[in-house]
file protein-v2.txt (compact mmCIF, C-alpha atoms)
# COMPACT_ATOMS: atom_id res chain seq x y z
CA MET A 1 3.36 -51.78 12.26
CA ALA A 2 1.29 -49.77 9.78
CA SER A 3 2.70 -49.37 6.31
CA SER A 4 3.88 -45.98 5.13
CA THR A 5 3.93 -44.12 1.85
CA LEU A 6 7.06 -42.93 0.08
CA CYS A 7 6.80 -39.52 1.75
CA GLY A 8 7.01 -41.20 5.16
CA SER A 9 3.39 -40.63 6.20
CA PRO A 10 1.32 -43.63 7.40
CA ALA A 11 -0.92 -45.22 4.79
CA THR A 12 -4.50 -44.64 5.84
CA ALA A 13 -7.89 -44.80 4.24
CA CYS A 14 -7.87 -41.03 3.73
CA CYS A 15 -5.00 -41.15 1.22
CA SER A 16 -6.26 -39.49 -1.93
CA THR A 17 -5.21 -39.92 -5.50
CA TRP A 18 -3.15 -36.75 -5.26
CA CYS A 19 -1.39 -38.08 -2.15
CA ARG A 20 -0.47 -41.30 -3.94
CA MET A 21 0.76 -39.35 -6.95
CA ARG A 22 2.80 -37.07 -4.67
CA CYS A 23 4.33 -40.11 -2.97
CA SER A 24 5.42 -41.60 -6.28
CA LEU A 25 7.06 -38.31 -7.32
CA LEU A 26 8.66 -37.17 -4.09
CA LEU A 27 11.72 -39.38 -3.95
CA PRO A 28 12.87 -38.94 -7.57
CA MET A 29 12.42 -35.18 -7.22
CA ARG A 30 14.57 -35.17 -4.09
CA ARG A 31 17.27 -36.95 -6.03
CA LEU A 32 16.96 -34.49 -8.89
CA ARG A 33 17.41 -31.58 -6.48
CA THR A 34 20.70 -33.03 -5.23
CA GLY A 35 21.91 -33.81 -8.77
CA CYS A 36 21.52 -37.61 -8.40
CA ARG A 37 20.30 -39.66 -11.32
CA THR A 38 17.17 -41.68 -10.85
CA SER A 39 18.48 -44.82 -12.58
CA SER A 40 18.95 -46.52 -9.19
CA PHE A 41 15.47 -45.59 -7.98
CA GLN A 42 12.97 -48.41 -7.77
CA PRO A 43 9.56 -47.51 -6.30
CA MET A 44 8.60 -49.56 -3.30
CA MET A 45 5.66 -51.18 -5.03
CA ASN A 46 6.13 -54.70 -3.76
CA ARG A 47 6.77 -54.06 -0.11
CA PRO A 48 4.52 -56.34 2.00
CA GLN A 49 1.55 -54.42 3.30
CA SER A 50 0.67 -54.57 6.95
CA ARG A 51 -2.55 -56.28 7.84
CA LYS A 52 -3.65 -53.10 9.55
CA ALA A 53 -3.25 -51.07 6.36
CA CYS A 54 -6.53 -50.21 4.74
CA SER A 55 -7.56 -52.23 1.73
CA SER A 56 -8.25 -49.11 -0.32
CA HIS A 57 -4.68 -47.90 -0.04
CA ARG A 58 -3.34 -51.42 -0.65
CA SER A 59 -5.35 -51.76 -3.84
CA ALA A 60 -4.42 -48.28 -4.98
CA SER A 61 -0.72 -48.98 -4.51
CA ASN A 62 -0.92 -51.67 -7.16
CA THR A 63 -1.97 -49.10 -9.74
CA ARG A 64 0.63 -46.50 -8.78
CA PRO A 65 2.66 -45.47 -11.86
CA ARG A 66 6.07 -47.05 -12.02
CA ALA A 67 9.19 -44.99 -12.52
CA PRO A 68 10.84 -45.54 -15.90
CA ALA A 69 13.60 -48.08 -15.94
CA ALA A 70 17.10 -46.99 -16.78
CA SER A 71 18.73 -47.90 -20.07
CA SER A 72 22.19 -47.41 -21.43
CA ARG A 73 21.16 -44.71 -23.91
CA GLY A 74 17.91 -43.29 -22.55
CA GLY A 75 15.52 -44.15 -19.79
CA ALA A 76 15.34 -42.54 -16.38
CA SER A 77 18.85 -41.09 -16.49
CA SER A 78 17.76 -39.10 -19.52
CA ILE A 79 14.77 -37.83 -17.57
CA CYS A 80 17.11 -36.47 -14.89
CA ASP A 81 19.24 -34.75 -17.48
CA GLY A 82 16.15 -33.44 -19.22
CA ALA A 83 14.74 -32.12 -15.96
CA MET A 84 17.75 -29.91 -15.57
CA GLY A 85 17.57 -28.79 -19.17
CA GLY A 86 13.80 -28.51 -19.54
CA ALA A 87 13.24 -31.22 -22.25
CA LEU A 88 13.27 -34.95 -22.79
CA PRO A 89 15.44 -36.67 -25.41
CA GLY A 90 14.32 -35.90 -28.90
CA GLY A 91 13.28 -32.37 -27.92
CA THR A 92 10.06 -33.42 -26.13
CA PRO A 93 9.34 -30.77 -23.46
CA LEU A 94 8.72 -31.92 -19.91
CA ALA A 95 5.25 -30.44 -20.00
CA SER A 96 4.27 -33.10 -22.57
CA PRO A 97 2.45 -36.17 -21.13
CA LEU A 98 5.08 -38.43 -22.71
CA VAL A 99 7.60 -40.47 -20.76
CA VAL A 100 10.47 -42.63 -21.81
CA GLY A 101 9.46 -46.29 -21.90
CA ALA A 102 11.52 -49.00 -20.22
CA GLY A 103 11.80 -50.99 -23.45
CA SER A 104 12.95 -48.07 -25.55
CA ALA A 105 16.66 -48.50 -26.01
CA ALA A 106 16.96 -45.23 -27.89
CA GLY A 107 14.76 -43.36 -25.45
CA SER A 108 11.91 -42.88 -27.90
CA PRO A 109 8.75 -41.51 -26.27
CA THR A 110 5.77 -43.81 -25.86
CA ARG A 111 2.21 -43.08 -24.74
CA PRO A 112 1.93 -43.94 -21.02
CA ARG A 113 -0.92 -45.28 -19.02
CA PRO A 114 -3.37 -42.69 -17.62
CA GLN A 115 -1.76 -42.81 -14.18
CA ALA A 116 1.70 -42.23 -15.63
CA ALA A 117 0.39 -39.34 -17.75
CA ALA A 118 -1.05 -37.71 -14.64
CA ALA A 119 2.26 -38.17 -12.82
CA ALA A 120 4.20 -36.59 -15.69
CA ALA A 121 1.79 -33.65 -15.77
CA ALA A 122 2.20 -33.13 -12.03
CA MET A 123 5.98 -33.14 -12.38
CA ALA A 124 5.78 -30.65 -15.24
CA ALA A 125 3.63 -28.38 -13.06
CA LEU A 126 6.33 -28.40 -10.39
CA LEU A 127 9.07 -27.48 -12.83
CA GLY A 128 9.79 -23.83 -13.60
CA PRO A 129 10.09 -22.34 -17.09
CA VAL A 130 13.83 -22.97 -17.13
CA GLY A 131 13.59 -26.58 -15.97
CA ARG A 132 14.28 -26.09 -12.27
CA PHE A 133 12.03 -26.66 -9.35
CA ARG A 134 10.09 -23.53 -8.49
CA TRP A 135 10.97 -23.49 -4.83
CA ARG A 136 14.63 -23.49 -5.78
CA VAL A 137 14.14 -20.38 -7.92
CA ARG A 138 12.25 -18.56 -5.18
CA ALA A 139 14.97 -19.39 -2.68
CA VAL A 140 17.51 -17.18 -4.48
CA PRO A 141 18.43 -14.32 -2.08
CA GLY A 142 16.96 -11.02 -3.22
CA GLY A 143 14.21 -12.48 -5.38
CA ALA A 144 13.84 -15.00 -8.16
CA ARG A 145 16.24 -14.66 -11.06
CA GLY A 146 15.01 -14.45 -14.62
CA ALA A 147 16.71 -15.68 -17.75
CA ALA A 148 18.74 -12.48 -18.20
CA GLY A 149 19.88 -12.24 -14.56
CA ARG A 150 17.11 -9.87 -13.56
CA GLN A 151 15.39 -10.21 -10.22
CA CYS A 152 11.66 -10.84 -10.25
CA TYR A 153 9.08 -9.73 -7.68
CA ASP A 154 5.35 -9.60 -7.22
CA LEU A 155 5.49 -5.88 -6.35
CA LEU A 156 8.18 -3.27 -6.91
CA VAL A 157 7.85 0.10 -5.16
CA ILE A 158 9.85 3.04 -6.51
CA GLY A 159 10.28 5.52 -3.66
CA GLY A 160 11.13 4.95 -0.01
CA GLY A 161 8.97 7.65 1.57
CA SER A 162 5.92 7.34 3.80
CA GLY A 163 3.63 6.10 1.01
CA GLY A 164 6.10 3.74 -0.61
CA LEU A 165 7.18 2.10 2.64
CA ALA A 166 3.60 1.64 3.83
CA CYS A 167 2.65 0.06 0.50
CA ALA A 168 5.63 -2.31 0.55
CA LYS A 169 5.09 -3.43 4.16
CA GLU A 170 1.40 -4.12 3.68
CA ALA A 171 2.03 -6.14 0.52
CA ALA A 172 4.74 -8.15 2.28
CA GLN A 173 2.38 -8.95 5.14
CA LEU A 174 -0.02 -10.40 2.57
CA GLY A 175 2.66 -12.82 1.44
CA LYS A 176 3.91 -11.02 -1.67
CA LYS A 177 7.55 -10.85 -2.75
CA VAL A 178 8.30 -7.13 -2.54
CA ALA A 179 11.24 -4.83 -3.27
CA VAL A 180 11.73 -1.11 -2.61
CA VAL A 181 13.96 1.11 -4.74
CA ASP A 182 14.95 4.43 -3.21
CA TYR A 183 17.50 7.02 -4.27
CA VAL A 184 17.97 10.64 -3.23
CA GLU A 185 19.29 12.97 -5.90
CA PRO A 186 21.54 15.46 -4.08
CA SER A 187 20.19 19.01 -3.87
CA PRO A 188 22.06 21.79 -5.71
CA ARG A 189 23.83 22.41 -2.39
CA GLY A 190 24.86 18.72 -2.25
CA THR A 191 22.51 17.69 0.57
CA ARG A 192 21.52 14.02 0.64
CA TRP A 193 19.82 11.75 3.18
CA GLY A 194 18.68 8.20 3.83
CA LEU A 195 15.58 6.02 3.65
CA GLY A 196 12.28 7.48 4.83
CA GLY A 197 11.40 10.24 2.38
CA THR A 198 10.63 13.90 2.97
CA CYS A 199 8.73 13.50 6.23
CA VAL A 200 11.54 11.72 8.06
CA ASN A 201 14.52 13.58 6.61
CA VAL A 202 13.58 17.09 5.51
CA GLY A 203 10.00 17.58 6.67
CA CYS A 204 7.79 16.76 9.64
CA ILE A 205 10.36 15.17 11.96
CA PRO A 206 13.25 17.69 11.87
CA LYS A 207 10.81 20.60 11.60
CA LYS A 208 9.00 19.61 14.81
CA LEU A 209 12.27 19.06 16.65
CA MET A 210 13.48 22.53 15.68
CA HIS A 211 10.11 23.99 16.65
CA GLN A 212 10.53 22.30 20.04
CA ALA A 213 13.93 23.97 20.40
CA ALA A 214 12.33 27.33 19.59
CA LEU A 215 9.50 26.74 22.09
CA LEU A 216 12.00 25.96 24.83
CA GLY A 217 13.70 29.28 24.12
CA GLY A 218 10.35 31.03 24.43
CA MET A 219 9.69 29.34 27.76
CA ILE A 220 13.05 30.50 29.09
CA HIS A 221 12.14 34.04 28.00
CA ASP A 222 8.78 33.83 29.77
CA ALA A 223 10.19 32.20 32.91
CA SER A 224 11.12 35.54 34.50
CA HIS A 225 7.45 36.54 34.53
CA TYR A 226 6.76 33.52 36.73
CA GLY A 227 9.51 34.24 39.24
CA TRP A 228 12.34 32.30 37.62
CA LYS A 229 15.58 34.31 37.54
CA VAL A 230 17.01 32.73 34.42
CA ALA A 231 19.27 34.56 32.00
CA GLN A 232 18.49 34.11 28.28
CA PRO A 233 21.40 31.99 26.98
CA PRO A 234 22.50 32.10 23.33
CA HIS A 235 21.34 29.26 21.13
CA ASP A 236 23.88 26.72 19.83
CA TRP A 237 22.72 25.79 16.30
CA ARG A 238 25.52 23.28 15.79
CA LYS A 239 24.56 21.24 18.86
CA MET A 240 20.85 21.28 17.96
CA ALA A 241 21.53 20.31 14.35
CA GLU A 242 23.73 17.41 15.41
CA ALA A 243 21.04 16.05 17.74
CA VAL A 244 18.31 16.42 15.10
CA GLN A 245 20.39 14.78 12.39
CA ASN A 246 21.39 11.88 14.64
CA HIS A 247 17.74 11.25 15.44
CA VAL A 248 16.84 11.31 11.75
CA LYS A 249 19.63 8.83 10.97
CA SER A 250 18.31 6.49 13.64
CA LEU A 251 14.93 6.59 11.91
CA ASN A 252 16.62 5.81 8.57
CA TRP A 253 18.14 2.71 10.11
CA GLY A 254 14.86 1.76 11.75
CA HIS A 255 13.08 1.78 8.39
CA ARG A 256 15.73 -0.50 6.91
CA VAL A 257 15.37 -2.92 9.80
CA GLN A 258 11.59 -2.96 9.37
CA LEU A 259 11.95 -3.82 5.69
CA GLN A 260 14.37 -6.61 6.51
CA ASP A 261 12.05 -8.02 9.17
CA ARG A 262 9.22 -8.15 6.63
CA LYS A 263 11.45 -9.79 3.97
CA VAL A 264 11.28 -6.71 1.74
CA LYS A 265 14.39 -6.24 -0.40
CA TYR A 266 15.84 -2.71 -0.36
CA PHE A 267 17.83 -1.28 -3.27
CA ASN A 268 19.60 2.07 -3.07
CA PHE A 269 19.82 3.12 -6.69
CA LYS A 270 18.08 5.31 -9.24
CA ALA A 271 15.53 3.42 -11.33
CA SER A 272 14.19 4.05 -14.83
CA PHE A 273 11.60 2.09 -16.76
CA VAL A 274 12.65 -0.38 -19.46
CA ASN A 275 9.10 -1.58 -20.11
CA PRO A 276 5.82 -1.65 -18.12
CA HIS A 277 7.08 -4.54 -15.97
CA MET A 278 10.83 -3.91 -15.76
CA VAL A 279 13.11 -1.17 -14.45
CA CYS A 280 16.85 -0.64 -14.71
CA GLY A 281 18.57 0.58 -11.56
CA VAL A 282 21.90 2.41 -11.61
CA SER A 283 23.96 2.51 -8.41
CA LYS A 284 26.34 5.27 -7.34
CA GLY A 285 29.19 3.31 -8.89
CA GLY A 286 27.40 3.02 -12.23
CA GLU A 287 26.49 -0.67 -11.87
CA GLU A 288 23.18 -1.57 -13.53
CA THR A 289 20.59 -4.00 -12.16
CA LEU A 290 17.39 -5.20 -13.86
CA LEU A 291 14.30 -5.68 -11.73
CA SER A 292 10.97 -7.00 -12.99
CA ALA A 293 7.63 -7.21 -11.22
CA ASP A 294 4.01 -7.99 -11.91
CA HIS A 295 3.07 -4.61 -10.45
CA ILE A 296 5.14 -1.43 -10.06
CA VAL A 297 4.10 1.41 -7.75
CA ILE A 298 5.53 4.91 -8.27
CA ALA A 299 5.75 6.72 -4.91
CA THR A 300 8.51 9.24 -5.48
CA GLY A 301 6.86 12.31 -3.96
CA GLY A 302 8.24 15.72 -4.93
CA ARG A 303 11.14 18.11 -4.37
CA PRO A 304 11.22 21.88 -3.74
CA ARG A 305 11.32 24.06 -6.83
CA TYR A 306 13.90 26.76 -7.52
CA PRO A 307 12.73 29.95 -9.28
CA THR A 308 15.36 29.62 -11.98
CA HIS A 309 14.07 32.74 -13.76
CA ILE A 310 15.56 34.79 -10.91
CA GLU A 311 19.24 35.53 -11.35
CA GLY A 312 21.37 33.81 -8.69
CA ALA A 313 18.49 31.82 -7.21
CA LEU A 314 20.00 28.41 -7.93
CA GLU A 315 23.60 29.42 -7.28
CA TYR A 316 23.15 31.08 -3.89
CA GLY A 317 19.82 29.95 -2.45
CA ILE A 318 18.77 26.90 -0.44
CA THR A 319 15.44 25.12 0.10
CA SER A 320 13.81 23.05 2.83
CA ASP A 321 15.96 20.16 1.53
CA ASP A 322 18.98 21.94 3.03
CA ILE A 323 17.85 23.99 6.05
CA PHE A 324 17.61 20.97 8.38
CA TRP A 325 21.06 19.67 7.44
CA LEU A 326 23.05 22.89 7.85
CA LYS A 327 26.04 22.42 10.13
CA GLU A 328 26.22 26.13 10.97
CA SER A 329 23.53 28.66 11.82
CA PRO A 330 21.88 30.23 8.75
CA GLY A 331 22.13 33.65 10.38
CA LYS A 332 20.01 36.47 9.01
CA THR A 333 17.58 34.73 6.67
CA LEU A 334 15.20 35.78 3.90
CA VAL A 335 12.39 33.29 3.35
CA VAL A 336 10.78 33.75 -0.07
CA GLY A 337 7.25 32.36 -0.26
CA ALA A 338 4.06 32.24 1.79
CA SER A 339 3.26 28.52 1.89
CA TYR A 340 3.04 26.62 5.16
CA VAL A 341 6.61 25.42 4.59
CA ALA A 342 7.81 29.03 4.33
CA LEU A 343 5.96 30.19 7.45
CA GLU A 344 6.93 27.16 9.51
CA CYS A 345 10.62 27.61 8.70
CA ALA A 346 10.43 31.36 9.40
CA GLY A 347 8.64 30.64 12.66
CA PHE A 348 11.26 28.37 14.21
CA LEU A 349 14.12 30.52 12.88
CA THR A 350 12.64 33.54 14.66
CA GLY A 351 12.08 31.44 17.78
CA LEU A 352 15.75 30.45 17.78
CA GLY A 353 16.68 34.14 17.90
CA LEU A 354 17.60 34.67 14.24
CA ASP A 355 16.72 37.79 12.24
CA THR A 356 14.11 36.47 9.80
CA THR A 357 12.17 38.10 6.95
CA VAL A 358 9.32 36.59 4.94
CA MET A 359 8.69 37.92 1.41
CA ILE A 360 5.10 37.40 0.23
CA ARG A 361 4.10 38.10 -3.38
CA SER A 362 0.30 38.01 -2.92
CA VAL A 363 -1.49 36.36 0.04
CA PRO A 364 -0.21 34.00 2.74
CA LEU A 365 -1.39 30.40 2.85
CA ARG A 366 -3.38 30.75 -0.36
CA ALA A 367 -5.23 27.42 -0.05
CA PHE A 368 -6.21 28.02 3.58
CA ASP A 369 -8.89 30.10 5.29
CA GLN A 370 -7.70 33.69 4.91
CA GLN A 371 -8.94 34.84 8.30
CA MET A 372 -6.78 32.18 9.95
CA ALA A 373 -3.90 33.00 7.58
CA SER A 374 -4.05 36.65 8.67
CA LEU A 375 -3.97 35.62 12.32
CA VAL A 376 -0.87 33.51 11.66
CA THR A 377 1.09 36.29 9.97
CA GLU A 378 0.02 38.83 12.60
CA HIS A 379 1.21 36.52 15.36
CA MET A 380 4.54 36.04 13.60
CA ALA A 381 5.00 39.80 13.16
CA VAL A 382 4.30 40.40 16.86
CA HIS A 383 6.97 37.86 17.79
CA GLY A 384 9.68 39.42 15.62
CA THR A 385 9.32 38.12 12.06
CA ARG A 386 9.47 40.85 9.43
CA ILE A 387 6.80 40.53 6.71
CA LEU A 388 7.30 42.04 3.22
CA ARG A 389 3.97 41.98 1.40
CA GLY A 390 3.40 42.39 -2.32
CA CYS A 391 7.09 41.98 -3.20
CA THR A 392 8.97 39.65 -5.51
CA PRO A 393 12.76 39.15 -5.79
CA LEU A 394 14.61 40.12 -8.97
CA ARG A 395 18.15 38.82 -8.38
CA VAL A 396 20.57 37.49 -5.77
CA GLU A 397 24.24 38.49 -5.72
CA ARG A 398 27.13 37.42 -3.52
CA LEU A 399 29.12 40.26 -1.96
CA SER A 400 32.84 40.27 -1.28
CA ASP A 401 32.28 39.43 2.40
CA GLY A 402 30.31 36.32 1.46
CA ARG A 403 26.89 37.70 2.32
CA LEU A 404 24.00 37.80 -0.16
CA GLN A 405 22.44 40.96 -1.55
CA VAL A 406 18.86 40.54 -2.70
CA THR A 407 17.10 43.01 -4.96
CA TRP A 408 13.31 42.98 -5.03
CA VAL A 409 10.46 45.04 -6.39
CA ASP A 410 7.28 46.22 -4.72
CA LEU A 411 4.52 45.18 -7.11
CA ALA A 412 2.14 47.95 -5.96
CA SER A 413 4.54 50.90 -6.39
CA ASP A 414 7.06 49.30 -8.80
CA LYS A 415 9.77 50.53 -6.45
CA LYS A 416 12.96 48.50 -6.13
CA ASP A 417 14.74 47.83 -2.87
CA THR A 418 17.70 45.78 -1.62
CA GLY A 419 18.65 43.92 1.49
CA THR A 420 21.62 41.92 2.77
CA PHE A 421 21.21 38.44 4.22
CA ASP A 422 23.31 35.45 5.21
CA THR A 423 20.87 32.90 3.76
CA VAL A 424 18.09 32.97 1.17
CA LEU A 425 15.54 30.17 1.58
CA TRP A 426 13.26 29.47 -1.38
CA ALA A 427 9.85 28.07 -0.43
CA VAL A 428 7.87 28.79 -3.59
CA GLY A 429 6.41 25.32 -4.25
call {"tool": "encode", "arguments": {"input": "protein-v2.txt", "output": "structure tokens"}}
result
Amino acid sequence: MASSTLCGSPATACCSTWCRMRCSLLLPMRRLRTGCRTSSFQPMMNRPQSRKACSSHRSASNTRPRAPAASSRGGASSICDGAMGGALPGGTPLASPLVVGAGSAAGSPTRPRPQAAAAAAAMAALLGPVGRFRWRVRAVPGGARGAAGRQCYDLLVIGGGSGGLACAKEAAQLGKKVAVVDYVEPSPRGTRWGLGGTCVNVGCIPKKLMHQAALLGGMIHDASHYGWKVAQPPHDWRKMAEAVQNHVKSLNWGHRVQLQDRKVKYFNFKASFVNPHMVCGVSKGGEETLLSADHIVIATGGRPRYPTHIEGALEYGITSDDIFWLKESPGKTLVVGASYVALECAGFLTGLGLDTTVMIRSVPLRAFDQQMASLVTEHMAVHGTRILRGCTPLRVERLSDGRLQVTWVDLASDKKDTGTFDTVLWAVG
């Protein structure tokens, strides 16, 4: 039967110097991992070699470095203790090419043979900065732990939106240890949502679903022209909102599952920088967690802006962060702004049968082709959306019946006017 090395692999002519060194280190390291001392370990140097074993491996085994013998006050048992503490007796670090000699009763370091020096250097390379084996540190759930209890990663992504999630998943596929930190600061109205960012929660997804609801209403209206005798039923906002929000929540869960499948750690807390490679996260309960990474990506996106210079804007208005999470119909709505967010929201509100007004200070869709922008606003006006051009709001007040009174000024004539609405939606940037 062919002879075998300490690692259990057959001894062949292809065994390299590194393989022989690895064999001589493997067993004592296994014992160190389980907390066993190596004083009872004796390398199998003198086992009879099979005749079939190659002469090169047989001759090399005679020069394999021997493990240090145990002594009552030093020796190999001190190496085990030092491996867990990161230093040999006398303060000699494990990275030093010094080993404890068998004849040193006090454990004094002696200069080893070249093979033993190489073995000690290899062992030092496998030991982490705190004297533990590196694979044991990396096996800690949630990332490797640093000296101060912080969790260490190759890449830390702050922000769980479209960009942040894509970055984290790609890095994880390349074998990096990745974590994602995501936290949603509640809107002034108290609206909050889950993982996925603006697009999933308060942007593309719920907007398109509500547009689909509006388009279905338009088809029912047009059906009579094609011979369908269908009465126009009233729209149930509560039922639509529940279906949209349930779908969004399923996407939140799906993103979390995808991160887990790719071994990406997810943290739901608000992060702030401690230094260029460390952040401090604070959970809802106030618990702090330190995270460090070689690289940190900021992918936090943006939030809608309130025109705080307008009286009552913050107290009584909502934004696109809130419109998709309303439990009840917004009713008669004033949309302030002329961005694509403003016109899209006004469009599906009108399509759902709600009285909707858009207040434009200057031009609609400023960054877009103005001929196309004019066609959009004309189409909206034909289908029932009221357009107020060249106007800007001055204040918002709540009336005794709970409705909102908005005062605005016409910039061309400097004439003031008022209107009463159930909801004021700010879409000003």
call {"tool": "atom_distance", "arguments": {"input": "protein-v2.txt", "atom1": "atom CA of A:Val264", "atom2": "atom CA of A:Ser250"}}
result
19.1 Å
call {"tool": "closest_residue", "arguments": {"input": "protein-v2.txt", "among": "A:Trp237, A:Trp193, A:Tyr183, A:Tyr266", "to": "A:Leu156", "atoms": "only C-alpha atoms"}}
result
A:Tyr266
call {"tool": "atom_distance", "arguments": {"input": "protein-v2.txt", "atom1": "atom CA of A:Thr308", "atom2": "atom CA of A:Lys270"}}
result
24.6 Å
call {"tool": "residues_near_point", "arguments": {"input": "protein-v2.txt", "point": "(14.6, 5.2, -13.1)", "cutoff": "9 Å", "atoms": "only C-alpha atoms", "output": "list in words"}}
result
Ile158, Phe269, Lys270, Ala271, Ser272, Phe273, Val274, Val279, Cys280, Gly281 and Val282 of chain A
call {"tool": "atom_distance", "arguments": {"input": "protein-v2.txt", "atom1": "atom CA of A:Gln260", "atom2": "atom CA of A:Thr191"}}
result
26.3 Å
call {"tool": "closest_residue", "arguments": {"input": "protein-v2.txt", "among": "A:Gly194, A:Pro364, A:Gly419, A:Pro307", "to": "A:Phe267", "atoms": "all atoms listed in the file"}}
result
A:Gly194
call {"tool": "closest_residue", "arguments": {"input": "protein-v2.txt", "among": "A:Tyr316, A:Leu425, A:Asn275, A:Met359", "to": "A:Ser292", "atoms": "all atoms listed in the file"}}
result
A:Asn275
call {"tool": "closest_residue", "arguments": {"input": "protein-v2.txt", "among": "A:Val396, A:Thr385, A:Ala179, A:His277", "to": "A:Asp294", "atoms": "all atoms listed in the file"}}
result
A:His277
call {"tool": "residues_around", "arguments": {"input": "protein-v2.txt", "residues": "A:Gly312", "least_positions_apart": "4", "cutoff": "12 Å", "atoms": "all atoms listed in the file", "output": "count of residues only"}}
result
18
call {"tool": "residues_around", "arguments": {"input": "protein-v2.txt", "residues": "stretch 369-380 of chain A", "least_positions_apart": "6", "cutoff": "10 Å", "atoms": "all atoms listed in the file", "output": "compact mmCIF listing (two decimals) with C-alpha atoms, in the coordinates of the input"}}
result
# COMPACT_ATOMS: atom_id res chain seq x y z
CA ALA A 338 4.06 32.24 1.79
CA TYR A 340 3.04 26.62 5.16
CA LEU A 343 5.96 30.19 7.45
CA ALA A 346 10.43 31.36 9.40
CA GLY A 347 8.64 30.64 12.66
CA THR A 350 12.64 33.54 14.66
CA GLY A 351 12.08 31.44 17.78
CA VAL A 358 9.32 36.59 4.94
CA VAL A 363 -1.49 36.36 0.04
CA ARG A 386 9.47 40.85 9.43
CA ILE A 387 6.80 40.53 6.71
call {"tool": "closest_residue", "arguments": {"input": "protein-v2.txt", "among": "A:Val202, A:Cys391, A:Ala243, A:Cys167", "to": "A:Asp321", "atoms": "all atoms listed in the file"}}
result
A:Val202
call {"tool": "residues_around", "arguments": {"input": "protein-v2.txt", "residues": "A:Gly429", "least_positions_apart": "2", "cutoff": "6 Å", "atoms": "all atoms listed in the file", "output": "list in words"}}
result
Pro304, Arg305 and Ala427 of chain A
call {"tool": "closest_residue", "arguments": {"input": "protein-v2.txt", "among": "A:Gly301, A:Gly163, A:Gly196, A:Gly218", "to": "A:His255", "atoms": "all atoms listed in the file"}}
result
A:Gly196
call {"tool": "residues_near_point", "arguments": {"input": "protein-v2.txt", "point": "(14.2, 31.8, 28.2)", "cutoff": "8 Å", "atoms": "all atoms listed in the file", "output": "CSV table (one decimal) with C-alpha atoms, keeping the file's coordinate frame"}}
result
chain,number,residue,atom,x,y,z
A,216,LEU,CA,12.0,26.0,24.8
A,217,GLY,CA,13.7,29.3,24.1
A,218,GLY,CA,10.4,31.0,24.4
A,219,MET,CA,9.7,29.3,27.8
A,220,ILE,CA,13.0,30.5,29.1
A,221,HIS,CA,12.1,34.0,28.0
A,222,ASP,CA,8.8,33.8,29.8
A,223,ALA,CA,10.2,32.2,32.9
A,224,SER,CA,11.1,35.5,34.5
A,230,VAL,CA,17.0,32.7,34.4
A,231,ALA,CA,19.3,34.6,32.0
A,232,GLN,CA,18.5,34.1,28.3
A,233,PRO,CA,21.4,32.0,27.0
call {"tool": "decode", "arguments": {"input": "protein-v2.txt", "residues": "stretch 303-314 of chain A", "atoms": "N, CA and C atoms", "output": "PDB file, in the first residue's frame"}}
result
ATOM      1  N   ARG A 303     -34.789  62.487  -1.522  1.00  0.00           N
ATOM      2  CA  ARG A 303     -36.169  62.549  -1.035  1.00  0.00           C
ATOM      3  C   ARG A 303     -36.827  63.826  -1.555  1.00  0.00           C
ATOM      4  N   PRO A 304     -38.158  63.821  -1.688  1.00  0.00           N
ATOM      5  CA  PRO A 304     -38.856  65.029  -2.147  1.00  0.00           C
ATOM      6  C   PRO A 304     -38.638  66.200  -1.198  1.00  0.00           C
ATOM      7  N   ARG A 305     -38.634  67.382  -1.771  1.00  0.00           N
ATOM      8  CA  ARG A 305     -38.377  68.600  -0.993  1.00  0.00           C
ATOM      9  C   ARG A 305     -39.687  69.345  -0.715  1.00  0.00           C
ATOM     10  N   TYR A 306     -39.818  69.811   0.508  1.00  0.00           N
ATOM     11  CA  TYR A 306     -40.951  70.655   0.882  1.00  0.00           C
ATOM     12  C   TYR A 306     -40.568  72.123   0.706  1.00  0.00           C
ATOM     13  N   PRO A 307     -41.457  72.946   0.141  1.00  0.00           N
ATOM     14  CA  PRO A 307     -41.190  74.390   0.077  1.00  0.00           C
ATOM     15  C   PRO A 307     -41.490  75.035   1.429  1.00  0.00           C
ATOM     16  N   THR A 308     -40.535  74.944   2.332  1.00  0.00           N
ATOM     17  CA  THR A 308     -40.774  75.373   3.710  1.00  0.00           C
ATOM     18  C   THR A 308     -40.985  76.879   3.837  1.00  0.00           C
ATOM     19  N   HIS A 309     -40.660  77.641   2.772  1.00  0.00           N
ATOM     20  CA  HIS A 309     -40.901  79.078   2.831  1.00  0.00           C
ATOM     21  C   HIS A 309     -42.381  79.414   2.660  1.00  0.00           C
ATOM     22  N   ILE A 310     -43.179  78.424   2.302  1.00  0.00           N
ATOM     23  CA  ILE A 310     -44.627  78.629   2.152  1.00  0.00           C
ATOM     24  C   ILE A 310     -45.317  78.220   3.449  1.00  0.00           C
ATOM     25  N   GLU A 311     -46.087  79.098   3.993  1.00  0.00           N
ATOM     26  CA  GLU A 311     -46.767  78.852   5.264  1.00  0.00           C
ATOM     27  C   GLU A 311     -47.717  77.660   5.142  1.00  0.00           C
ATOM     28  N   GLY A 312     -47.573  76.690   6.046  1.00  0.00           N
ATOM     29  CA  GLY A 312     -48.451  75.525   6.080  1.00  0.00           C
ATOM     30  C   GLY A 312     -48.064  74.400   5.131  1.00  0.00           C
ATOM     31  N   ALA A 313     -46.987  74.602   4.359  1.00  0.00           N
ATOM     32  CA  ALA A 313     -46.613  73.571   3.385  1.00  0.00           C
ATOM     33  C   ALA A 313     -46.225  72.260   4.068  1.00  0.00           C
ATOM     34  N   LEU A 314     -45.405  72.345   5.093  1.00  0.00           N
ATOM     35  CA  LEU A 314     -44.930  71.148   5.784  1.00  0.00           C
ATOM     36  C   LEU A 314     -46.016  70.540   6.660  1.00  0.00           C
TER      37      LEU A 314
END
